[in-house]
Amino acid sequence: MNLEFTKMHALGNDYIVFNELDGIIVPEELKGEFSNKICKRGFSVGADGVIFVQVPSTADYDADVRFRIFNSDGSEAEMCGNGIRCFSKYVHERTNFKNNPLKVQSEGGLRISEMEFNESNNEVVKNVRVYMGNPKYAMKDIPMIIEEIGEDLEFMNLELPVNCECLKKIGKEALKLSVANVGNPHTVIILQENDLNVEFIRKNLNELGAYMECHSAFPEKINVHFINLLNEKEIQIITWERGAGYTTACGTGTTSSVAICEKLGKTGCKVLAHLDGGDLEIEIMNNGNDIYMKGGAEISYDGILKNL
């Protein structure tokens, strides 16, 4: 069986995109295993995840199209900020859906993408501004479970006990962190609040990221972001994604990070986030109830998978 695909990336976060608007090409029960197989770098196409473009499954949102995304380990994610920008560019440039803004059904809820076009060619999408919804902070919405804290409460810049070897070596038995859900779950660890630095995080990211992703407080695992505060308008982010590991950028993670930093009074409502793959602009409006993410996406190449 031969399958046509498009390889895309957003700030180095790369995806394999399949068009299922005319019918399902990868059976639902095989999507996870299939995604895990073709994402393995050196053995197949290689990517951080797989995106499927589908017709909406429900009329609840009055959506134009449906966004499905699977991590490289085969698990399905509820949402992905970098992925939805790639998805939106693909839909506008490669399908008959030219709506702008574009209403997108995701497993994390309705998202609305506004396309900004190349000055010399208004058929080419340069940037995508995405309405990322209303962040949730209650522990039950992450989910996060700590016996002595009620599920309706927020875990905001509080200490979580940790048992990680790289932290033990510097005498740390707890980390101050915050959690939020913007369609998928994130924990945000501000370096300055923990007397840590970027050099330490980069040196120990594989150990620390994997440990925090699978911490017992997060029964469904979690995306992990280490934040270096630069000033009230800029932050630096190093990301460990649930189901993928280190990635050069994470859109939902950036959204959550800025939302938490603003909520804690560390930044303002409009922030430029510097990630290893590039920059994202985040704007918080309506007293924190609405968040917008803006950034680019690129088509790398088209290909055909053979002999699967």
# chains A, B, ... in the order shown; residues from 1 in each chain; ligands from 1

call {"tool": "residues_around", "arguments": {"residues": "Gly171 (chain A)", "least_positions_apart": "6", "cutoff": "12 Å", "atoms": "only C-alpha atoms", "output": "list in words"}}
result
Val162, Asn163, Cys164, Glu165, Asn194, Asp195 and Leu196 of chain A

call {"tool": "write_last_selection", "arguments": {"atoms": "all heavy atoms", "output": "short mmCIF file (atom, residue, chain, number, x, y, z; two decimals), in the first residue's frame"}}
result
data_model
loop_
_atom_site.label_atom_id
_atom_site.label_comp_id
_atom_site.auth_asym_id
_atom_site.auth_seq_id
_atom_site.Cartn_x
_atom_site.Cartn_y
_atom_site.Cartn_z
N VAL A 162 10.27 15.68 44.88
CA VAL A 162 10.85 14.96 43.75
C VAL A 162 11.95 14.03 44.26
O VAL A 162 12.54 14.26 45.31
CB VAL A 162 11.44 15.93 42.70
CG1 VAL A 162 10.32 16.73 42.03
CG2 VAL A 162 12.47 16.87 43.31
N ASN A 163 12.20 12.99 43.47
CA ASN A 163 13.22 12.02 43.83
C ASN A 163 14.04 11.71 42.58
O ASN A 163 14.06 10.59 42.08
CB ASN A 163 12.57 10.75 44.39
CG ASN A 163 13.59 9.75 44.90
OD1 ASN A 163 14.71 10.13 45.27
ND2 ASN A 163 13.22 8.48 44.90
N CYS A 164 14.70 12.74 42.08
CA CYS A 164 15.43 12.65 40.82
C CYS A 164 16.93 12.80 41.12
O CYS A 164 17.34 13.73 41.82
CB CYS A 164 14.96 13.75 39.87
SG CYS A 164 15.68 13.69 38.24
N GLU A 165 17.73 11.89 40.59
CA GLU A 165 19.15 11.84 40.94
C GLU A 165 19.89 13.14 40.65
O GLU A 165 20.70 13.60 41.46
CB GLU A 165 19.83 10.68 40.21
CG GLU A 165 19.47 9.31 40.74
CD GLU A 165 19.82 9.14 42.21
OE1 GLU A 165 20.91 9.61 42.60
OE2 GLU A 165 19.02 8.55 42.94
N ASN A 194 13.53 28.36 41.45
CA ASN A 194 14.13 27.12 41.95
C ASN A 194 15.65 27.18 42.04
O ASN A 194 16.30 26.16 42.27
CB ASN A 194 13.72 25.95 41.04
CG ASN A 194 12.26 25.58 41.18
OD1 ASN A 194 11.88 24.90 42.12
ND2 ASN A 194 11.44 26.05 40.25
N ASP A 195 16.21 28.38 41.86
CA ASP A 195 17.67 28.55 41.89
C ASP A 195 18.36 27.59 40.92
O ASP A 195 19.40 26.97 41.23
CB ASP A 195 18.21 28.34 43.31
CG ASP A 195 17.73 29.41 44.28
OD1 ASP A 195 17.64 30.58 43.87
OD2 ASP A 195 17.41 29.06 45.44
N LEU A 196 17.78 27.45 39.73
CA LEU A 196 18.36 26.64 38.67
C LEU A 196 18.74 27.53 37.51
O LEU A 196 18.30 28.68 37.41
CB LEU A 196 17.35 25.58 38.20
CG LEU A 196 16.92 24.54 39.24
CD1 LEU A 196 15.83 23.65 38.67
CD2 LEU A 196 18.11 23.70 39.72
#

call {"tool": "residues_around", "arguments": {"residues": "region 208-217 of chain A", "least_positions_apart": "4", "cutoff": "8 Å", "atoms": "only C-alpha atoms", "output": "PDB file with all heavy atoms, in the first residue's frame"}}
result
ATOM      1  N   MET A 144      -4.006  16.229  38.094  1.00  0.00           N
ATOM      2  CA  MET A 144      -2.901  16.145  39.037  1.00  0.00           C
ATOM      3  C   MET A 144      -3.484  15.696  40.371  1.00  0.00           C
ATOM      4  O   MET A 144      -4.525  16.205  40.796  1.00  0.00           O
ATOM      5  CB  MET A 144      -2.226  17.512  39.192  1.00  0.00           C
ATOM      6  CG  MET A 144      -1.031  17.526  40.130  1.00  0.00           C
ATOM      7  SD  MET A 144      -0.317  19.201  40.263  1.00  0.00           S
ATOM      8  CE  MET A 144       1.182  18.847  41.189  1.00  0.00           C
ATOM      9  N   ILE A 145      -2.835  14.726  41.003  1.00  0.00           N
ATOM     10  CA  ILE A 145      -3.374  14.159  42.237  1.00  0.00           C
ATOM     11  C   ILE A 145      -2.344  14.244  43.354  1.00  0.00           C
ATOM     12  O   ILE A 145      -1.249  13.687  43.256  1.00  0.00           O
ATOM     13  CB  ILE A 145      -3.797  12.688  42.031  1.00  0.00           C
ATOM     14  CG1 ILE A 145      -4.887  12.586  40.954  1.00  0.00           C
ATOM     15  CG2 ILE A 145      -4.290  12.094  43.346  1.00  0.00           C
ATOM     16  CD1 ILE A 145      -5.252  11.169  40.596  1.00  0.00           C
ATOM     17  N   ILE A 146      -2.706  14.973  44.409  1.00  0.00           N
ATOM     18  CA  ILE A 146      -1.928  15.014  45.644  1.00  0.00           C
ATOM     19  C   ILE A 146      -2.929  14.882  46.784  1.00  0.00           C
ATOM     20  O   ILE A 146      -3.879  15.667  46.886  1.00  0.00           O
ATOM     21  CB  ILE A 146      -1.134  16.332  45.776  1.00  0.00           C
ATOM     22  CG1 ILE A 146      -0.143  16.454  44.617  1.00  0.00           C
ATOM     23  CG2 ILE A 146      -0.410  16.390  47.113  1.00  0.00           C
ATOM     24  CD1 ILE A 146       0.662  17.735  44.640  1.00  0.00           C
ATOM     25  N   CYS A 164      14.698  12.743  42.076  1.00  0.00           N
ATOM     26  CA  CYS A 164      15.433  12.653  40.821  1.00  0.00           C
ATOM     27  C   CYS A 164      16.928  12.803  41.119  1.00  0.00           C
ATOM     28  O   CYS A 164      17.344  13.732  41.823  1.00  0.00           O
ATOM     29  CB  CYS A 164      14.961  13.754  39.873  1.00  0.00           C
ATOM     30  SG  CYS A 164      15.683  13.687  38.236  1.00  0.00           S
ATOM     31  N   CYS A 166      19.619  13.773  39.501  1.00  0.00           N
ATOM     32  CA  CYS A 166      20.355  14.997  39.170  1.00  0.00           C
ATOM     33  C   CYS A 166      20.018  16.132  40.129  1.00  0.00           C
ATOM     34  O   CYS A 166      20.852  17.006  40.391  1.00  0.00           O
ATOM     35  CB  CYS A 166      20.081  15.413  37.711  1.00  0.00           C
ATOM     36  SG  CYS A 166      18.395  15.946  37.363  1.00  0.00           S
ATOM     37  N   ILE A 201      19.724  22.673  33.245  1.00  0.00           N
ATOM     38  CA  ILE A 201      18.590  22.027  32.585  1.00  0.00           C
ATOM     39  C   ILE A 201      19.038  21.314  31.318  1.00  0.00           C
ATOM     40  O   ILE A 201      18.673  20.156  31.071  1.00  0.00           O
ATOM     41  CB  ILE A 201      17.491  23.054  32.267  1.00  0.00           C
ATOM     42  CG1 ILE A 201      16.928  23.661  33.564  1.00  0.00           C
ATOM     43  CG2 ILE A 201      16.369  22.404  31.462  1.00  0.00           C
ATOM     44  CD1 ILE A 201      16.349  22.655  34.534  1.00  0.00           C
ATOM     45  N   ASN A 204      20.931  18.093  32.055  1.00  0.00           N
ATOM     46  CA  ASN A 204      20.182  17.015  32.706  1.00  0.00           C
ATOM     47  C   ASN A 204      18.775  16.820  32.145  1.00  0.00           C
ATOM     48  O   ASN A 204      17.952  16.149  32.759  1.00  0.00           O
ATOM     49  CB  ASN A 204      20.081  17.301  34.211  1.00  0.00           C
ATOM     50  CG  ASN A 204      21.432  17.338  34.893  1.00  0.00           C
ATOM     51  OD1 ASN A 204      22.022  16.295  35.163  1.00  0.00           O
ATOM     52  ND2 ASN A 204      21.921  18.537  35.166  1.00  0.00           N
ATOM     53  N   LYS A 221       0.434  11.447  32.750  1.00  0.00           N
ATOM     54  CA  LYS A 221       1.695  12.064  32.340  1.00  0.00           C
ATOM     55  C   LYS A 221       1.476  13.553  32.016  1.00  0.00           C
ATOM     56  O   LYS A 221       0.350  14.032  32.070  1.00  0.00           O
ATOM     57  CB  LYS A 221       2.337  11.323  31.167  1.00  0.00           C
ATOM     58  CG  LYS A 221       2.649   9.863  31.474  1.00  0.00           C
ATOM     59  CD  LYS A 221       3.402   9.212  30.335  1.00  0.00           C
ATOM     60  CE  LYS A 221       3.724   7.766  30.642  1.00  0.00           C
ATOM     61  NZ  LYS A 221       4.494   7.117  29.529  1.00  0.00           N
ATOM     62  N   ILE A 222       2.570  14.262  31.675  1.00  0.00           N
ATOM     63  CA  ILE A 222       2.432  15.702  31.496  1.00  0.00           C
ATOM     64  C   ILE A 222       3.587  16.248  30.642  1.00  0.00           C
ATOM     65  O   ILE A 222       4.674  15.669  30.595  1.00  0.00           O
ATOM     66  CB  ILE A 222       2.393  16.414  32.866  1.00  0.00           C
ATOM     67  CG1 ILE A 222       1.749  17.804  32.750  1.00  0.00           C
ATOM     68  CG2 ILE A 222       3.783  16.481  33.497  1.00  0.00           C
ATOM     69  CD1 ILE A 222       1.254  18.346  34.071  1.00  0.00           C
ATOM     70  N   ASN A 223       3.311  17.348  29.953  1.00  0.00           N
ATOM     71  CA  ASN A 223       4.347  18.089  29.233  1.00  0.00           C
ATOM     72  C   ASN A 223       5.092  18.965  30.243  1.00  0.00           C
ATOM     73  O   ASN A 223       4.476  19.551  31.141  1.00  0.00           O
ATOM     74  CB  ASN A 223       3.710  18.963  28.158  1.00  0.00           C
ATOM     75  CG  ASN A 223       2.970  18.144  27.119  1.00  0.00           C
ATOM     76  OD1 ASN A 223       3.560  17.497  26.274  1.00  0.00           O
ATOM     77  ND2 ASN A 223       1.634  18.162  27.195  1.00  0.00           N
ATOM     78  N   VAL A 224       6.407  19.091  30.057  1.00  0.00           N
ATOM     79  CA  VAL A 224       7.240  19.778  31.046  1.00  0.00           C
ATOM     80  C   VAL A 224       7.985  20.936  30.383  1.00  0.00           C
ATOM     81  O   VAL A 224       8.614  20.754  29.334  1.00  0.00           O
ATOM     82  CB  VAL A 224       8.261  18.807  31.674  1.00  0.00           C
ATOM     83  CG1 VAL A 224       9.016  19.488  32.815  1.00  0.00           C
ATOM     84  CG2 VAL A 224       7.571  17.534  32.157  1.00  0.00           C
ATOM     85  N   TRP A 240      10.167  19.609  27.264  1.00  0.00           N
ATOM     86  CA  TRP A 240      10.136  18.149  27.206  1.00  0.00           C
ATOM     87  C   TRP A 240       8.676  17.755  27.000  1.00  0.00           C
ATOM     88  O   TRP A 240       7.839  17.963  27.871  1.00  0.00           O
ATOM     89  CB  TRP A 240      10.677  17.543  28.496  1.00  0.00           C
ATOM     90  CG  TRP A 240      10.673  16.043  28.500  1.00  0.00           C
ATOM     91  CD1 TRP A 240       9.639  15.222  28.868  1.00  0.00           C
ATOM     92  CD2 TRP A 240      11.746  15.175  28.111  1.00  0.00           C
ATOM     93  NE1 TRP A 240       9.997  13.911  28.737  1.00  0.00           N
ATOM     94  CE2 TRP A 240      11.292  13.855  28.274  1.00  0.00           C
ATOM     95  CE3 TRP A 240      13.048  15.385  27.653  1.00  0.00           C
ATOM     96  CZ2 TRP A 240      12.091  12.749  27.997  1.00  0.00           C
ATOM     97  CZ3 TRP A 240      13.841  14.288  27.368  1.00  0.00           C
ATOM     98  CH2 TRP A 240      13.365  12.990  27.545  1.00  0.00           C
ATOM     99  N   GLU A 241       8.361  17.178  25.843  1.00  0.00           N
ATOM    100  CA  GLU A 241       6.962  16.870  25.522  1.00  0.00           C
ATOM    101  C   GLU A 241       6.585  15.452  25.918  1.00  0.00           C
ATOM    102  O   GLU A 241       7.351  14.511  25.699  1.00  0.00           O
ATOM    103  CB  GLU A 241       6.695  17.058  24.027  1.00  0.00           C
ATOM    104  CG  GLU A 241       6.555  18.514  23.616  1.00  0.00           C
ATOM    105  CD  GLU A 241       5.866  18.656  22.267  1.00  0.00           C
ATOM    106  OE1 GLU A 241       4.779  18.073  22.088  1.00  0.00           O
ATOM    107  OE2 GLU A 241       6.416  19.350  21.404  1.00  0.00           O
ATOM    108  N   ARG A 242       5.401  15.350  26.475  1.00  0.00           N
ATOM    109  CA  ARG A 242       4.826  14.047  26.812  1.00  0.00           C
ATOM    110  C   ARG A 242       4.720  13.192  25.545  1.00  0.00           C
ATOM    111  O   ARG A 242       4.138  13.594  24.556  1.00  0.00           O
ATOM    112  CB  ARG A 242       3.431  14.255  27.421  1.00  0.00           C
ATOM    113  CG  ARG A 242       2.691  12.997  27.796  1.00  0.00           C
ATOM    114  CD  ARG A 242       1.312  13.299  28.350  1.00  0.00           C
ATOM    115  NE  ARG A 242       0.435  13.941  27.385  1.00  0.00           N
ATOM    116  CZ  ARG A 242      -0.872  14.139  27.569  1.00  0.00           C
ATOM    117  NH1 ARG A 242      -1.436  13.751  28.704  1.00  0.00           N
ATOM    118  NH2 ARG A 242      -1.595  14.733  26.647  1.00  0.00           N
ATOM    119  N   GLY A 245       9.496  13.507  24.146  1.00  0.00           N
ATOM    120  CA  GLY A 245      10.803  13.872  24.681  1.00  0.00           C
ATOM    121  C   GLY A 245      11.158  15.308  24.353  1.00  0.00           C
ATOM    122  O   GLY A 245      10.280  16.156  24.186  1.00  0.00           O
ATOM    123  N   TYR A 246      12.455  15.590  24.253  1.00  0.00           N
ATOM    124  CA  TYR A 246      12.882  16.958  23.939  1.00  0.00           C
ATOM    125  C   TYR A 246      12.375  17.362  22.562  1.00  0.00           C
ATOM    126  O   TYR A 246      12.494  16.618  21.589  1.00  0.00           O
ATOM    127  CB  TYR A 246      14.404  17.057  23.957  1.00  0.00           C
ATOM    128  CG  TYR A 246      14.907  18.326  23.286  1.00  0.00           C
ATOM    129  CD1 TYR A 246      14.801  19.557  23.930  1.00  0.00           C
ATOM    130  CD2 TYR A 246      15.466  18.279  22.011  1.00  0.00           C
ATOM    131  CE1 TYR A 246      15.247  20.722  23.316  1.00  0.00           C
ATOM    132  CE2 TYR A 246      15.913  19.435  21.392  1.00  0.00           C
ATOM    133  CZ  TYR A 246      15.796  20.656  22.049  1.00  0.00           C
ATOM    134  OH  TYR A 246      16.225  21.812  21.434  1.00  0.00           O
TER     135      TYR A 246
END

call {"tool": "closest_residue", "arguments": {"among": "A:Ile304, A:Leu21, A:Val179, A:Ile238", "to": "Asp64 (chain A)", "atoms": "only C-alpha atoms"}}
result
A:Leu21

call {"tool": "select_by_dssp", "arguments": {"residues": "region 45-177 of chain A", "states": "strand (DSSP E)", "output": "ChimeraX atom specification"}}
result
/A:49-54,65-71,76-77,102-106,109-118,121-131,158-161,174-177

call {"tool": "write_last_selection", "arguments": {"atoms": "C-alpha atoms", "output": "CSV table (one decimal), in the first residue's frame"}}
result
chain,number,residue,atom,x,y,z
A,49,GLY,CA,4.2,13.3,15.5
A,50,VAL,CA,1.6,12.5,12.9
A,51,ILE,CA,-1.3,14.7,11.9
A,52,PHE,CA,-4.5,13.5,10.3
A,53,VAL,CA,-6.8,16.0,8.4
A,54,GLN,CA,-10.4,14.8,8.8
A,65,VAL,CA,-12.3,20.5,9.7
A,66,ARG,CA,-11.0,18.1,12.3
A,67,PHE,CA,-7.5,18.0,13.7
A,68,ARG,CA,-6.1,14.7,15.0
A,69,ILE,CA,-2.5,14.4,16.2
A,70,PHE,CA,-0.5,11.4,17.5
A,71,ASN,CA,2.8,11.6,19.3
A,76,GLU,CA,-3.0,10.5,20.8
A,77,ALA,CA,-2.7,14.1,22.1
A,102,LEU,CA,-10.7,28.4,10.0
A,103,LYS,CA,-12.8,26.6,12.7
A,104,VAL,CA,-10.9,23.5,13.8
A,105,GLN,CA,-12.3,20.6,15.9
A,106,SER,CA,-9.6,19.2,18.1
A,109,GLY,CA,-12.0,21.7,22.0
A,110,LEU,CA,-12.7,24.2,19.3
A,111,ARG,CA,-9.7,26.2,18.0
A,112,ILE,CA,-9.8,29.1,15.5
A,113,SER,CA,-7.0,29.8,13.1
A,114,GLU,CA,-6.4,33.1,11.4
A,115,MET,CA,-4.1,33.0,8.4
A,116,GLU,CA,-1.6,35.8,7.6
A,117,PHE,CA,-0.3,35.6,4.0
A,118,ASN,CA,3.0,36.1,2.2
A,121,ASN,CA,1.5,35.6,-2.7
A,122,ASN,CA,-1.7,35.6,-0.8
A,123,GLU,CA,-2.1,31.9,-1.4
A,124,VAL,CA,1.0,31.1,0.8
A,125,VAL,CA,0.4,31.2,4.6
A,126,LYS,CA,3.2,33.0,6.4
A,127,ASN,CA,1.9,33.0,10.0
A,128,VAL,CA,-1.0,31.5,11.8
A,129,ARG,CA,-2.7,33.2,14.8
A,130,VAL,CA,-4.6,30.6,16.8
A,131,TYR,CA,-7.3,31.2,19.4
A,158,LEU,CA,4.0,25.4,44.9
A,159,GLU,CA,6.5,22.8,45.9
A,160,LEU,CA,6.2,19.2,44.7
A,161,PRO,CA,8.5,16.5,46.3
A,174,ALA,CA,11.3,19.5,45.8
A,175,LEU,CA,10.6,21.8,42.8
A,176,LYS,CA,8.4,24.8,42.7
A,177,LEU,CA,6.0,24.4,39.8

call {"tool": "select_by_dssp", "arguments": {"residues": "region 60-223 of chain A", "states": "helix (DSSP H, G or I)", "output": "ChimeraX atom specification"}}
result
/A:81-94,139-141,165-168,191-193,198-213

call {"tool": "residues_around", "arguments": {"residues": "Met285 (chain A)", "least_positions_apart": "4", "cutoff": "12 Å", "atoms": "only C-alpha atoms", "output": "VMD selection string"}}
result
chain A and resid 131 to 135 259 262 268 to 270 289 to 293

call {"tool": "atom_distance", "arguments": {"atom1": "CA of Glu220 (chain A)", "atom2": "CA of Ser75 (chain A)"}}
result
11.1 Å

call {"tool": "closest_residue", "arguments": {"among": "A:Asn96, A:Thr58, A:Asn36, A:Asn82", "to": "Asp22 (chain A)", "atoms": "only C-alpha atoms"}}
result
A:Asn96

call {"tool": "closest_residue", "arguments": {"among": "A:Arg94, A:Lys31, A:Lys168, A:Lys263", "to": "Glu154 (chain A)", "atoms": "only C-alpha atoms"}}
result
A:Lys263

call {"tool": "residues_around", "arguments": {"residues": "Ala47 (chain A)", "least_positions_apart": "4", "cutoff": "12 Å", "atoms": "only C-alpha atoms", "output": "ChimeraX atom specification"}}
result
/A:6-10,12-17,35-43,51,69-74,83,244-245,247,300

call {"tool": "write_last_selection", "arguments": {"atoms": "C-alpha atoms", "output": "PDB file, in the first residue's frame"}}
result
ATOM      1  CA  THR A   6       3.421  15.876   3.502  1.00  0.00           C
ATOM      2  CA  LYS A   7       6.289  16.590   5.889  1.00  0.00           C
ATOM      3  CA  MET A   8       5.927  19.895   7.773  1.00  0.00           C
ATOM      4  CA  HIS A   9       7.493  21.684  10.695  1.00  0.00           C
ATOM      5  CA  ALA A  10       6.818  24.611  12.994  1.00  0.00           C
ATOM      6  CA  GLY A  12      11.622  22.590  14.139  1.00  0.00           C
ATOM      7  CA  ASN A  13       8.769  20.610  15.706  1.00  0.00           C
ATOM      8  CA  ASP A  14       8.108  18.266  12.754  1.00  0.00           C
ATOM      9  CA  TYR A  15       5.057  16.304  11.637  1.00  0.00           C
ATOM     10  CA  ILE A  16       3.907  13.867   8.975  1.00  0.00           C
ATOM     11  CA  VAL A  17       0.538  15.005   7.584  1.00  0.00           C
ATOM     12  CA  SER A  35       2.342   6.696  13.993  1.00  0.00           C
ATOM     13  CA  ASN A  36       4.932   5.137  16.285  1.00  0.00           C
ATOM     14  CA  LYS A  37       6.390   3.174  13.373  1.00  0.00           C
ATOM     15  CA  ILE A  38       6.769   6.003  10.855  1.00  0.00           C
ATOM     16  CA  CYS A  39       8.026   8.541  13.425  1.00  0.00           C
ATOM     17  CA  LYS A  40      11.154   6.529  14.225  1.00  0.00           C
ATOM     18  CA  ARG A  41      14.060   8.544  12.910  1.00  0.00           C
ATOM     19  CA  GLY A  42      16.546   6.528  10.897  1.00  0.00           C
ATOM     20  CA  PHE A  43      14.008   3.742  10.278  1.00  0.00           C
ATOM     21  CA  ILE A  51      -1.328  14.713  11.899  1.00  0.00           C
ATOM     22  CA  ILE A  69      -2.503  14.353  16.237  1.00  0.00           C
ATOM     23  CA  PHE A  70      -0.498  11.369  17.488  1.00  0.00           C
ATOM     24  CA  ASN A  71       2.827  11.582  19.324  1.00  0.00           C
ATOM     25  CA  SER A  72       5.896   9.684  18.205  1.00  0.00           C
ATOM     26  CA  ASP A  73       5.240   7.042  20.879  1.00  0.00           C
ATOM     27  CA  GLY A  74       1.821   6.331  19.356  1.00  0.00           C
ATOM     28  CA  GLY A  83       0.849  21.019  15.029  1.00  0.00           C
ATOM     29  CA  ALA A 244       7.977  12.732  22.374  1.00  0.00           C
ATOM     30  CA  GLY A 245      10.803  13.872  24.681  1.00  0.00           C
ATOM     31  CA  THR A 247      11.405  19.120  21.190  1.00  0.00           C
ATOM     32  CA  SER A 300       9.302  20.632   3.988  1.00  0.00           C
TER      33      SER A 300
END

call {"tool": "closest_residue", "arguments": {"among": "A:Glu29, A:Glu107, A:Glu298, A:Asp141", "to": "Phe218 (chain A)", "atoms": "only C-alpha atoms"}}
result
A:Asp141

call {"tool": "closest_residue", "arguments": {"among": "A:Ile170, A:Leu275, A:Ile237, A:Ile142", "to": "Ser257 (chain A)", "atoms": "only C-alpha atoms"}}
result
A:Ile237

call {"tool": "atom_distance", "arguments": {"atom1": "CA of Leu205 (chain A)", "atom2": "CA of Gly278 (chain A)"}}
result
19.0 Å

call {"tool": "residues_around", "arguments": {"residues": "Gly277 (chain A)", "least_positions_apart": "4", "cutoff": "6 Å", "atoms": "only C-alpha atoms", "output": "number ranges by chain"}}
result
A: 11-12, 248-249

call {"tool": "write_last_selection", "arguments": {"atoms": "all heavy atoms", "output": "CSV table (one decimal), in the first residue's frame"}}
result
chain,number,residue,atom,x,y,z
A,11,LEU,N,8.8,25.7,13.8
A,11,LEU,CA,9.9,26.0,14.7
A,11,LEU,C,10.7,24.7,15.0
A,11,LEU,O,11.3,24.5,16.1
A,11,LEU,CB,9.5,26.6,16.0
A,11,LEU,CG,8.6,27.9,15.9
A,11,LEU,CD1,8.3,28.4,17.3
A,11,LEU,CD2,9.3,28.9,15.0
A,12,GLY,N,10.8,23.8,14.0
A,12,GLY,CA,11.6,22.6,14.1
A,12,GLY,C,10.8,21.4,14.7
A,12,GLY,O,11.3,20.3,14.7
A,248,THR,N,12.1,21.1,19.9
A,248,THR,CA,12.6,22.4,19.8
A,248,THR,C,11.6,23.5,20.1
A,248,THR,O,11.9,24.7,20.2
A,248,THR,CB,13.1,22.6,18.3
A,248,THR,OG1,12.1,22.4,17.4
A,248,THR,CG2,14.3,21.7,18.1
A,249,ALA,N,10.3,23.1,20.1
A,249,ALA,CA,9.2,24.1,20.4
A,249,ALA,C,8.0,23.4,20.8
A,249,ALA,O,7.8,22.2,20.4
A,249,ALA,CB,9.0,25.0,19.2

call {"tool": "atom_distance", "arguments": {"atom1": "CA of Thr95 (chain A)", "atom2": "CA of Gly46 (chain A)"}}
result
24.1 Å
